[in-house]
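Engineer: I have a structure here, written as C-alpha cells, and I will follow up with some questions on it.
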There are 2 protein chains.
Amino acid sequence: MTDKKSQEGLTIKKEENFSKWYNQVLNKAEIIDIRLDVKGFIIFRPWGAMTIENMFKLYEEELQKKSHKPTIMPTVIPEENLKKESSHIEGFAPEVFWLKEINKEKLALRPTSETLYTPMFKLWIRSHRDLPLKLYQRGSVFRLDTKATRPLIRTREIIWIECHDAFATKQEAEAQVQEDIDTTEKIMHQKFGIPFLAMKRPEWDKFSGAEYTIGSDVLMPDGKLIQQPSTHLMGQKFSKVFDAKFKNEKGEEEYLWTTAYGPAMSRILASIISIHGDNNGLVLPFCISPLQVIIIPIFNKKNKNKILRESEKIKEKIKCLGIKIEIDSSEKRPGEKYYEWELKGVPFRLEIGEKELRGKKLTLFIRDIRKKETFAIKNLSKLKEYGREFDNRLKNKADKFMKNKIINCKTKQEIKKAIKNKKIARVNFCSIDKQGEKCAGYVEKEIDSEVRGILANKKEKPTGKCIIYGKPAKEVVYIGKAY
Amino acid sequence: MTDKKSQEGLTIKKEENFSKWYNQVLNKAEIIDIRLDVKGFIIFRPWGAMTIENMFKLYEEELQKKSHKPTIMPTVIPEENLKKESSHIEGFAPEVFWLKEINKEKLALRPTSETLYTPMFKLWIRSHRDLPLKLYQRGSVFRLDTKATRPLIRTREIIWIECHDAFATKQEAEAQVQEDIDTTEKIMHQKFGIPFLAMKRPEWDKFSGAEYTIGSDVLMPDGKLIQQPSTHLMGQKFSKVFDAKFKNEKGEEEYLWTTAYGPAMSRILASIISIHGDNNGLVLPFCISPLQVIIIPIFNKKNKNKILRESEKIKEKIKCLGIKIEIDSSEKRPGEKYYEWELKGVPFRLEIGEKELRGKKLTLFIRDIRKKETFAIKNLSKLKEYGREFDNRLKNKADKFMKNKIINCKTKQEIKKAIKNKKIARVNFCSIDKQGEKCAGYVEKEIDSEVRGILANKKEKPTGKCIIYGKPAKEVVYIGKAY
C-alpha cells in the first residue's frame, strides 16, 4: 500500500520550506490523501486514521473523567433551528452547506451543534436536579470555508469532538470554560506535547453567538498561529431563543447557562505533525502512535526462521505490556525498513539479529533523538517508561521552542520586526471590546497580523498607551500572524 | 436528565403490541430521542450512544483481528464518482441526498462508499504485493428512504461500519464474503446473542452494483425479518469503471476483485433491544451494556455514610476486574432505583445494606431472569463469569426462539399460514435468477411476503416443483414478511 512517490524520501527541508515539507510529510507518511479532488475534503489513510483514533480515545477518556457523556446527533440541522439565534446564523450563514430541499424541508449540514443540543436541553432538563448536564459527540462538522483550504488545517469537513454543557448558574458555566482550558492543557499539551496560549478573543473574533470565546493559540514552525480547541461561554443566548429553562431550588423558572468546547482532532494532528516532525518525517508521540515499537529482524537466508521466531517471542513479551508492536518481516532490506518507519514516526525501533540474540541485547533506535543504544532483553518492561520519557522530550522541546517567542513591543516597528522573526508581539492595547476594532483593523492592514486577544488566566496590566493610535490602554494583547 | 414521561413504567406489553412496546422502550430507557422532527434522523442519548460505542469496539476489534485497517472517508461524494457504475447509481439514485451546488460542484451525501474507495484503490495498489488491501470506516451514510421511517430500523442517517476490500483473485474475494459472514456470526450472534440466517439474495434483491449479495436475516418478535449485516461480492464491476488495476506475479495488469461488508450498529441495536427486551424494559448483553453492574445502597439517615463508604469499597474492587460499575447514591427510594435500572437493562444489580454487610453477602439481582440471589463478597471475582453466563443465556433464549420458526411448506396456503403464525416458510422455488422474479412477484402480491433467498452456506436440493406456478424448481428459498 505504498505509492511509487512515497517510496522516495523527503526532498524538502522543514526549515527551508515549511509549507512544502508539511504537504510532503502528510503524503509520504501516508497520513492523508488529497487526490479525491473535492475542495476541502480529505481522506485519512490507515496511518492517519489510527493516529486520530488514539487521539480521540485520550480526549474522550479525559472528558468522561470530567463527567461528560457521549451522544450522537444528526449530521443535519433544520433551517429553523439554525436560524434561531441571530448572531449565530449571521456568523455561520456564509459557511453553511445546504441540502437540496426535500418536500420543502430545508436542511443544513451541521457547522456546529448548539442548535441541536439546546432544544434537546429544553426537553431533557426540568429542574436543578438535572444539572449540570455535560454532553459531547465525536463526529464531523462542515464549513464552507471560502479561504484557501489546507490539509488538516483549513478543511470543509472537520473531524472533531464538541461538548455542550448546561448549568444552573453563570458561575458554574464560567468554571466549565476553565475546566475546558484544563482539558486542553491535560491532553493537547501534557499528552500530545503541544504548548498553547489560552487567549480570550476580542469581541470581534468570538464565536458567533457566544458571550465570549477562549481560543488556544499554537505557534507553528512557520511563525503563524493556529487556533486549536476553543471554549465558549454561550451564557443564556441559546437557552433564551430555544426557551430552555429549568426550575431552580426555589421552584422558579430560569434560563439555562450553556457552554461549548470543540477540540478538532484533524487540526490538532496538524500541529503535532508540524511541531514534532523533522527532516526524516513524522515524529509521533508514544501515546498516540499507531505503532509504538517496530521490530526489524536482521536475517539472511540461513538464519531467517530462527531470527523471526525469536523476534516473535520478544514481540509477544512487549505486547503483554500493552504496547502496540509489530514485526516488519517483509522482504525489503533493513535499511529500507528503517527509513520507512522513521518516516512514519514510530517512536522506537528494535533491531534483532544474530549478534543481538547472542548478547541478549537488542539495538534500540529512538526516533526523536535518532540515537541507537543497546537494550538488554531482560529490561523490556522498561519500554513503557521509555515511552513516557519520549513524550516528555517532545513536550520539553516544543515548550523550549515556544520560549522567547513572545516579544514585548513598544512601537509598531517592533511589532513588524517580531512578526518578521516569526514571533508573537505583546503590546499595550486600547480594548478588546468593540471600540478596539479600529486599532485591530490597523494591525491587520498595516502589519498583516491579528490581535489574538488577552491571556485568559492572568490579568496583565498595560504599562503605557495603546500602541496603535496612543489611546488609553486597557489591555495587554498578543499579536501574531495567523492561519 | 429524565423526562416526566420516562419516569412512568412501560405501559405496553411486548407480546400485545410489539411496535408500540418498541417505541416506548426506546424512549423510556433513554436510548434515542425522535423529537427533533426531521424525518428519519434521530438523536442518540448517552445510554444509546454508549451502547453503540461498545458495539463498535467489539466489531472493530474483530475486523482488525482479520487485518482490516481503519480509514476516514469524506462524508460527500462527487456526482461524477457516484454515477460511474451504472447499476449502482440506478439503484441508489432515488435515495441520494444532494447538496446545493457550490461553484457548479455537485456533491452527494454518501449513501455507501464504493465510489470513494475504488478510485483510491487505483492510486494505492500497484502490484499483487499490495494485496489484499482490507479497509474500513465507522461513520454515517445517508439514504433518502421513501418508505415510512422507523427509529433505528429504517432511518435516513445510518450509523455503521463499512468494509471495502480488494483482492487479486475472485477466489480470495469470495473467501472474504465468507469471512464477513463469520464476522457477523462471531459478533452479532456469539457476542450480541442475535441469531440470523445467512441468505444469498435473489438477483432482483442484491446490492446495486454487486455480483451477488449475502444478507443476514434476523427474525424479530413480530414475525418480520430484518436485514442485518450484508456482504457483497462486487467482482470487477467497480474496478473496471474506475480502472483500478494491479500487476499480477507475471507482470500483467488485471482488474481488482472487490467486496464490501456493512454492519449497521444502529440497526443491530434495534434487533438487540427487540429480541432481548421484556416488559420491564431493556435487557442489554453484558458485553455491550454501558453499565454492567449497578450498586444500590440501602441506607437510612443513620447509616448512610457507612453504607456508601462500604459500597465505594466494593465498587472499586469490582472496577479492578474491568467491569463497568456505578453506585446510584441519589435520594430516590431503592424501589425506584431498581425499577429505573431494570428499565435500562443493566445486567446485574447489587443491593448493599446493613444486613448484607453484616453477613458479608450481597444481594445480586440478575436482570434477564429477574432473580435475586445472595452473593458472597469474597466471590466478587466471579462476576465476569456471571457476565459470560448472562450473555450465553440471552443467546440461548434467542436461538430457542428461532428454532421451529422455519416451516417446510408444500402449498401456497401453507405459506400463508406460516406467515400468519409469524414464521418463515421454506419452499421449493424455480430460481433466484432473473427468471424467478415473476414467481417472487406473486409471493409479494398475494402473500404479502418476500422471497429472501437461499442459504448462503448450504446447497439445499428442492424436493418438488416450484410452489408458485409449478415450474421446475432449482432452489429451496425462504419466504417471510420483512421490514
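Residue numbering restarts at 1 for every chain of the C-alpha cells, chains are lettered A, B, ... in their displayed order, and ligands are numbered from 1 as they appear.
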Residues of chain A were defined as contacting chain B if any atom lay at most 6 Å from it, counting only C-alpha atoms; please report them as a PyMOL selection string.
Structural biologist: chain A and resi 1+3+41+43-46+49+69-74+98-100+124-125+130
Engineer: Could you name the residues that touch Gln178 (chain B) at 12 Å or less, counting only C-alpha atoms, but leaving out those on the same chain fewer than 2 positions away, as an MDAnalysis selection string?
Structural biologist: chainID B and resid 171:176 180:185 198:200 213:215 230:233 259:261 456:457
Engineer: Keeping only C-alpha atoms, write the selected residues to a file as a PDB file, in the first residue's frame.
Structural biologist:
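Okay, result_26.pdb is ready:
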```
ATOM      1  CA  GLN B 171     -11.489 -16.846  -5.162  1.00  0.00           C
ATOM      2  CA  GLU B 172      -9.964 -14.634  -2.487  1.00  0.00           C
ATOM      3  CA  ALA B 173     -12.808 -12.153  -2.812  1.00  0.00           C
ATOM      4  CA  GLU B 174     -15.341 -14.940  -2.340  1.00  0.00           C
ATOM      5  CA  ALA B 175     -13.395 -16.170   0.691  1.00  0.00           C
ATOM      6  CA  GLN B 176     -13.751 -12.637   2.083  1.00  0.00           C
ATOM      7  CA  ASP B 180     -17.687 -11.453   6.574  1.00  0.00           C
ATOM      8  CA  ILE B 181     -20.434 -13.955   7.377  1.00  0.00           C
ATOM      9  CA  ASP B 182     -18.134 -15.364  10.033  1.00  0.00           C
ATOM     10  CA  THR B 183     -17.700 -11.864  11.477  1.00  0.00           C
ATOM     11  CA  THR B 184     -21.475 -11.477  11.699  1.00  0.00           C
ATOM     12  CA  GLU B 185     -21.588 -14.850  13.450  1.00  0.00           C
ATOM     13  CA  ALA B 198     -27.199 -16.037   6.015  1.00  0.00           C
ATOM     14  CA  MET B 199     -29.160 -15.681   2.810  1.00  0.00           C
ATOM     15  CA  LYS B 200     -27.883 -15.371  -0.708  1.00  0.00           C
ATOM     16  CA  THR B 213     -25.246 -10.187  -2.000  1.00  0.00           C
ATOM     17  CA  ILE B 214     -25.443 -12.244   1.143  1.00  0.00           C
ATOM     18  CA  GLY B 215     -27.714 -10.688   3.719  1.00  0.00           C
ATOM     19  CA  SER B 230     -24.859  -7.812   4.355  1.00  0.00           C
ATOM     20  CA  THR B 231     -21.743  -8.653   2.390  1.00  0.00           C
ATOM     21  CA  HIS B 232     -21.323  -8.187  -1.314  1.00  0.00           C
ATOM     22  CA  LEU B 233     -19.112  -9.629  -3.984  1.00  0.00           C
ATOM     23  CA  THR B 259     -16.003  -6.871  -1.729  1.00  0.00           C
ATOM     24  CA  ALA B 260     -17.991  -4.765   0.715  1.00  0.00           C
ATOM     25  CA  TYR B 261     -19.456  -5.530   4.110  1.00  0.00           C
ATOM     26  CA  ALA B 456     -25.566 -19.000   1.717  1.00  0.00           C
ATOM     27  CA  ASN B 457     -23.560 -21.842   3.159  1.00  0.00           C
TER      28      ASN B 457
END
```
Engineer: Contacts of Ile298 (chain B) at 7 Å or less, counting only C-alpha atoms, minus same-chain residues fewer than 5 places along, as a list in words?
Structural biologist: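 The neighbour list is Pro334, Glu351, Ile352 and Gly353 of chain B.
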Engineer: May I have the residues within 7 Å of region 272-275 of chain A as a ChimeraX atom specification, using only C-alpha atoms and disregarding those fewer than 5 positions away in the same chain?
Structural biologist: /A:22,192,194,220-221,282,398
Engineer: Dump N, CA and C atoms for the selected residues as a PDB file, in the first residue's frame?
Structural biologist:
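File written: result.pdb
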```pdb
ATOM      1  N   TYR A  22       5.468  20.207   4.940  1.00  0.00           N
ATOM      2  CA  TYR A  22       4.235  19.742   5.583  1.00  0.00           C
ATOM      3  C   TYR A  22       3.413  18.880   4.609  1.00  0.00           C
ATOM      4  N   PHE A 192      -0.003  15.319  24.123  1.00  0.00           N
ATOM      5  CA  PHE A 192       0.472  15.423  22.739  1.00  0.00           C
ATOM      6  C   PHE A 192       1.707  16.324  22.612  1.00  0.00           C
ATOM      7  N   ILE A 194       1.921  19.693  22.802  1.00  0.00           N
ATOM      8  CA  ILE A 194       1.737  20.930  22.035  1.00  0.00           C
ATOM      9  C   ILE A 194       1.404  22.087  22.986  1.00  0.00           C
ATOM     10  N   MET A 220       3.059  27.730  15.124  1.00  0.00           N
ATOM     11  CA  MET A 220       3.567  26.707  14.203  1.00  0.00           C
ATOM     12  C   MET A 220       5.002  27.079  13.797  1.00  0.00           C
ATOM     13  N   PRO A 221       5.738  26.122  13.237  1.00  0.00           N
ATOM     14  CA  PRO A 221       7.151  26.383  12.915  1.00  0.00           C
ATOM     15  C   PRO A 221       7.346  27.532  11.925  1.00  0.00           C
ATOM     16  N   LEU A 282       7.688  12.113  10.089  1.00  0.00           N
ATOM     17  CA  LEU A 282       6.878  12.275  11.290  1.00  0.00           C
ATOM     18  C   LEU A 282       7.666  11.905  12.531  1.00  0.00           C
ATOM     19  N   ALA A 398       9.166  21.217  22.501  1.00  0.00           N
ATOM     20  CA  ALA A 398       8.160  22.154  21.981  1.00  0.00           C
ATOM     21  C   ALA A 398       8.035  23.361  22.911  1.00  0.00           C
TER      22      ALA A 398
END
```
Engineer: Identify all residues of region 313-343 of chain A in alpha helix (DSSP H) (DSSP on the backbone) and supply them as a list in words.
Structural biologist: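 Restricting region 313-343 of chain A to alpha helix (DSSP H) produces Lys313, Ile314, Lys315, Glu316, Lys317, Ile318, Lys319, Pro334, Gly335, Glu336, Lys337, Tyr338, Tyr339, Glu340, Trp341, Glu342 and Leu343 of chain A.
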Engineer: I need the residues in region 23-232 of chain B that are strand (DSSP E or B) according to DSSP; give them as a PyMOL selection string.
Structural biologist: chain B and resi 32-33+43-44+69-70+72+76-78+98-99+102+105+107-109+127+133-142+150+154+157-167+197-200+212-219+224-232
Engineer: May I have the residues within 8 Å of Asp145 (chain A) as a PDB file with N, CA and C atoms, in the first residue's frame, using only C-alpha atoms and disregarding those fewer than 5 positions away in the same chain?
Structural biologist:
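Result file out-v7.pdb:
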```
ATOM      1  N   GLU A  95     -21.024  30.076   5.592  1.00  0.00           N
ATOM      2  CA  GLU A  95     -20.236  28.851   5.648  1.00  0.00           C
ATOM      3  C   GLU A  95     -21.082  27.579   5.617  1.00  0.00           C
ATOM      4  N   ARG A 154      -7.193  23.803   7.332  1.00  0.00           N
ATOM      5  CA  ARG A 154      -8.389  24.519   6.919  1.00  0.00           C
ATOM      6  C   ARG A 154      -9.140  23.617   5.953  1.00  0.00           C
ATOM      7  N   THR A 155     -10.102  22.879   6.502  1.00  0.00           N
ATOM      8  CA  THR A 155     -10.840  21.913   5.681  1.00  0.00           C
ATOM      9  C   THR A 155     -12.327  22.211   5.771  1.00  0.00           C
ATOM     10  N   ARG A 156     -13.060  21.651   4.847  1.00  0.00           N
ATOM     11  CA  ARG A 156     -14.506  21.889   4.847  1.00  0.00           C
ATOM     12  C   ARG A 156     -15.240  20.844   5.685  1.00  0.00           C
TER      13      ARG A 156
END
```
Engineer: From the list A:Phe56, A:Tyr483, A:Phe375, A:Trp341, which residue is nearest Ser19 (chain A) when using only C-alpha atoms?
Structural biologist: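 Closest candidate: A:Tyr483.
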Engineer: CA of Cys163 (chain A) and CA of Met402 (chain A), how far apart in Å?
Structural biologist: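 About the pair CA of Met402 (chain A) and CA of Cys163 (chain A): they are 28.4 Å apart.
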Engineer: Skipping near chain neighbours, those fewer than 2 positions away, what residues fall within 12 Å of Arg358 (chain A) using only C-alpha atoms, listed as a list in words?
Structural biologist: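 Residues near the query, excluding close chain neighbours: Ile307, Glu310, Ile352, Gly353, Glu354, Lys355, Glu356, Lys360, Lys361, Leu362, Ala376 and Ile377 of chain A.
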Engineer: Distance CA of Thr363 (chain A)-CA of Leu10 (chain A), one decimal place?
Structural biologist: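 Atom-to-atom, CA of Thr363 (chain A) and CA of Leu10 (chain A) are spaced 25.1 Å apart.
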